[in-house]
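Q: Here you go, one structure.
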Amino acid sequence: MDSETAAARIRAAIRAIPKGQVAGYGEIARRAGLPGRARLVARLLSENEDAKLPWHRVLRSDGRIAFPEGSKGYREQSQRLRAEGVTVEKGRVRGQRAAATLDSQIWGPAD
DNA sequence: CTGATGACTGATA
DNA sequence: CTATCAGCCATCA
């Protein structure tokens with residue numbers, strides 16, 4: 001598939017994250033049919049700042065925000081998450097832990 | 001072509 | 001718990 005389709009799939013996967021829930025970069029990529037492209041997901045978000053995309057619901061595999069604590073992006077993301085009822089503590093989302101947990105919480109354990 | 005870079009990941013110590 | 005390190009993929013100088 002071309003990069004256009006890949007990007008579209010990724011955006012769709014991100015939009016599929018329910019409000020108040022979160023998912024990991026790797027899980028988004030896998031859900032989009034692009035296993036191993038976690039960095040591609042990250043790159044898309046860094047370039048396409050689409051206000052319609054719930055990019056703030058995308059976290060790293062360890063459940064942490066991808067930005068360094070205190071940075072602009074960090075504050076932006078943590079604030080948006082809290083606005084949806086997600087508890088963020090020291091850059092980490094409460095209730096979510098490892099990669100396997102992130103996605104299974106919103107899309108189910110297996111696929 | 002080669003090496004550097006990055007909103008990444010998993011394994012090890 | 002944190003710190004390294006080696007993979008990883010796409011892009012760019």
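Ordered as shown in the structure tokens, chains take letters A, B, and onward, while each chain numbers its residues from 1 and ligands are numbered from 1 in the order shown.
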Env of DA10 (chain C): 10 Å cut, atoms = only C-alpha atoms (C1' of nucleotides), seq-sep filter 2 positions within chain, self excluded. Answer as a CSV table (one decimal) with all heavy atoms, in the first residue's frame.

A:
```
chain,number,residue,atom,x,y,z
A,37,ARG,N,5.2,-0.5,12.7
A,37,ARG,CA,5.4,0.9,12.2
A,37,ARG,C,5.0,1.9,13.3
A,37,ARG,O,4.4,3.0,12.9
A,37,ARG,CB,4.5,1.2,11.0
A,37,ARG,CG,5.2,0.8,9.7
A,37,ARG,CD,5.6,-0.6,9.6
A,37,ARG,NE,6.0,-0.9,8.2
A,37,ARG,CZ,6.3,-2.2,7.9
A,37,ARG,NH1,6.2,-3.2,8.7
A,37,ARG,NH2,6.7,-2.4,6.7
A,39,ARG,N,6.8,4.0,14.8
A,39,ARG,CA,7.4,5.3,14.5
A,39,ARG,C,6.7,6.0,13.4
A,39,ARG,O,6.8,7.2,13.3
A,39,ARG,CB,8.9,5.0,14.2
A,39,ARG,CG,9.6,4.4,15.3
A,39,ARG,CD,11.1,4.5,15.1
A,39,ARG,NE,11.7,5.5,15.8
A,39,ARG,CZ,12.9,5.5,16.4
A,39,ARG,NH1,13.7,4.4,16.2
A,39,ARG,NH2,13.4,6.5,17.0
A,40,LEU,N,6.1,5.3,12.5
A,40,LEU,CA,5.4,5.9,11.4
A,40,LEU,C,4.2,6.7,12.0
A,40,LEU,O,3.9,7.8,11.6
A,40,LEU,CB,4.9,4.9,10.4
A,40,LEU,CG,4.1,5.5,9.2
A,40,LEU,CD1,4.9,6.5,8.5
A,40,LEU,CD2,3.6,4.3,8.3
A,43,ARG,N,5.4,9.8,13.6
A,43,ARG,CA,5.8,10.8,12.6
A,43,ARG,C,4.5,11.5,12.0
A,43,ARG,O,4.5,12.7,11.8
A,43,ARG,CB,6.5,10.1,11.5
A,43,ARG,CG,7.0,11.0,10.4
A,43,ARG,CD,8.0,10.3,9.4
A,43,ARG,NE,8.2,11.1,8.3
A,43,ARG,CZ,7.3,11.3,7.3
A,43,ARG,NH1,6.2,10.6,7.4
A,43,ARG,NH2,7.5,12.0,6.3
C,12,DC,P,11.7,13.9,3.8
C,12,DC,OP1,10.8,15.0,4.0
C,12,DC,OP2,11.8,13.2,2.5
C,12,DC,O5',13.2,14.4,4.2
C,12,DC,C5',13.5,14.5,5.6
C,12,DC,C4',15.0,14.8,5.7
C,12,DC,O4',15.7,13.5,5.9
C,12,DC,C3',15.6,15.5,4.5
C,12,DC,O3',16.6,16.4,5.0
C,12,DC,C2',16.3,14.3,3.8
C,12,DC,C1',16.8,13.5,5.0
C,12,DC,N1,17.1,12.1,4.7
C,12,DC,C2,18.1,11.5,5.3
C,12,DC,O2,18.8,12.1,6.2
C,12,DC,N3,18.4,10.2,5.0
C,12,DC,C4,17.7,9.5,4.1
C,12,DC,N4,18.0,8.3,3.8
C,12,DC,C5,16.6,10.2,3.4
C,12,DC,C6,16.3,11.4,3.7
```

Q: Give me, as an NGL selection string, the contact residues of chain B against chain A at a cut-off of 12 Å, counting only C-alpha atoms (C1' of nucleotides).

A: :B and (5-10)

Q: Could you work out how far CA of Arg57 (chain A) lies from CA of Arg94 (chain A), giving the answer in Å with one decimal?

A: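 Here the two named atoms are 13.0 Å from each other.
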
Q: Report, in Å with one decimal, the straight-line distance from CA of Arg30 (chain A) to CA of Arg75 (chain A).

A: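 Between CA of Arg30 (chain A) and CA of Arg75 (chain A) the gap is 27.3 Å.
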
Q: Per residue of chain C within 10 Å of chain A, which atom pair is closest and at what distance in Å (one decimal), using only C-alpha atoms (C1' of nucleotides), listed by chain and increasing number, as a Markdown table?

A:
```
| residue | atom | partner | partner_atom | distance |
| --- | --- | --- | --- | --- |
| C:DC8 | C1' | A:Gly36 | CA | 7.1 |
| C:DC9 | C1' | A:Arg37 | CA | 6.2 |
| C:DA10 | C1' | A:Leu40 | CA | 7.0 |
| C:DT11 | C1' | A:Arg43 | CA | 9.9 |
```

Q: Please measure the separation of CA of Gln105 (chain A) and CA of Thr5 (chain A), giving the value in Å to one decimal.

A: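 Atom-to-atom, CA of Gln105 (chain A) and CA of Thr5 (chain A) are spaced 26.2 Å apart.
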
Q: Quick one: pick out all strand (DSSP E or B) residues within chain A from a backbone DSSP run and write them as a list in words.

A: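 The strand (DSSP E or B) subset of chain A is Ala23, Gly24, Val58, Leu59, Arg64, Val88, Glu89, Arg92 and Val93 of chain A.
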
Q: For the residues selected in the previous step, produce a file with C-alpha atoms as a short mmCIF file (atom, residue, chain, number, x, y, z; two decimals), in the first residue's frame.

A:
```cif
data_model
loop_
_atom_site.label_atom_id
_atom_site.label_comp_id
_atom_site.auth_asym_id
_atom_site.auth_seq_id
_atom_site.Cartn_x
_atom_site.Cartn_y
_atom_site.Cartn_z
CA ALA A 23 -3.84 3.23 23.01
CA GLY A 24 -0.17 2.69 22.22
CA VAL A 58 -1.93 7.84 21.87
CA LEU A 59 0.73 6.86 24.39
CA ARG A 64 3.60 7.15 29.37
CA VAL A 88 -2.51 11.29 34.37
CA GLU A 89 0.19 11.07 37.00
CA ARG A 92 1.75 8.10 33.12
CA VAL A 93 -1.86 7.11 32.66
#
```

Q: Hey, what's within 8 Å of region 6-20 of chain A if we count only C-alpha atoms (C1' of nucleotides) and toss same-chain stuff fewer than 4 positions away? As a list of chain:residue names, please?

A: A:Met1, A:Asp2, A:Ile28, A:Ala29, A:Arg31, A:Ala32, A:Gly33, A:Leu34, A:Val41, A:Leu44, A:Leu53, A:Pro54, A:Trp55, A:Arg57, A:Val58, A:Leu81, A:Glu84, A:Gly85, A:Val86, A:Ile106

Q: Identify, on the basis of only C-alpha atoms (C1' of nucleotides), every residue whose closest approach to DA3 (chain C) does not exceed 12 Å; exclude the query and any residue fewer than 2 positions from it along the same chain; express the result as a PDB file with N, CA and C atoms (P, O5', C5', C4', C3', O3' and C1' of nucleotides), in the first residue's frame.

A:
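For reference, selection.pdb as written:
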```
ATOM      1  P    DT B  12      16.209 -11.250  27.266  1.00  0.00           P
ATOM      2  O5'  DT B  12      17.418 -10.484  27.970  1.00  0.00           O
ATOM      3  C5'  DT B  12      17.557  -9.080  27.746  1.00  0.00           C
ATOM      4  C4'  DT B  12      18.885  -8.586  28.290  1.00  0.00           C
ATOM      5  C3'  DT B  12      19.302  -9.193  29.631  1.00  0.00           C
ATOM      6  O3'  DT B  12      20.708  -9.140  29.759  1.00  0.00           O
ATOM      7  C1'  DT B  12      18.678  -6.936  29.940  1.00  0.00           C
ATOM      8  P    DA B  13      21.419  -9.768  31.074  1.00  0.00           P
ATOM      9  O5'  DA B  13      21.720  -8.479  31.966  1.00  0.00           O
ATOM     10  C5'  DA B  13      22.505  -7.409  31.438  1.00  0.00           C
ATOM     11  C4'  DA B  13      22.734  -6.365  32.509  1.00  0.00           C
ATOM     12  C3'  DA B  13      22.938  -6.937  33.910  1.00  0.00           C
ATOM     13  O3'  DA B  13      23.910  -6.168  34.609  1.00  0.00           O
ATOM     14  C1'  DA B  13      21.112  -5.488  33.930  1.00  0.00           C
TER      15       DA B  13
ATOM     16  P    DC C   1       7.247   0.866  38.084  1.00  0.00           P
ATOM     17  O5'  DC C   1       8.609   1.693  38.385  1.00  0.00           O
ATOM     18  C5'  DC C   1       8.674   2.589  39.479  1.00  0.00           C
ATOM     19  C4'  DC C   1      10.128   2.904  39.780  1.00  0.00           C
ATOM     20  C3'  DC C   1      10.935   3.272  38.550  1.00  0.00           C
ATOM     21  O3'  DC C   1      10.918   4.674  38.392  1.00  0.00           O
ATOM     22  C1'  DC C   1      12.086   1.604  39.840  1.00  0.00           C
ATOM     23  P    DC C   5      25.111   1.754  26.466  1.00  0.00           P
ATOM     24  O5'  DC C   5      24.496   0.559  25.607  1.00  0.00           O
ATOM     25  C5'  DC C   5      23.859  -0.524  26.294  1.00  0.00           C
ATOM     26  C4'  DC C   5      23.317  -1.499  25.252  1.00  0.00           C
ATOM     27  C3'  DC C   5      23.620  -1.091  23.815  1.00  0.00           C
ATOM     28  O3'  DC C   5      23.912  -2.235  23.030  1.00  0.00           O
ATOM     29  C1'  DC C   5      21.289  -1.206  24.144  1.00  0.00           C
TER      30       DC C   5
END
```
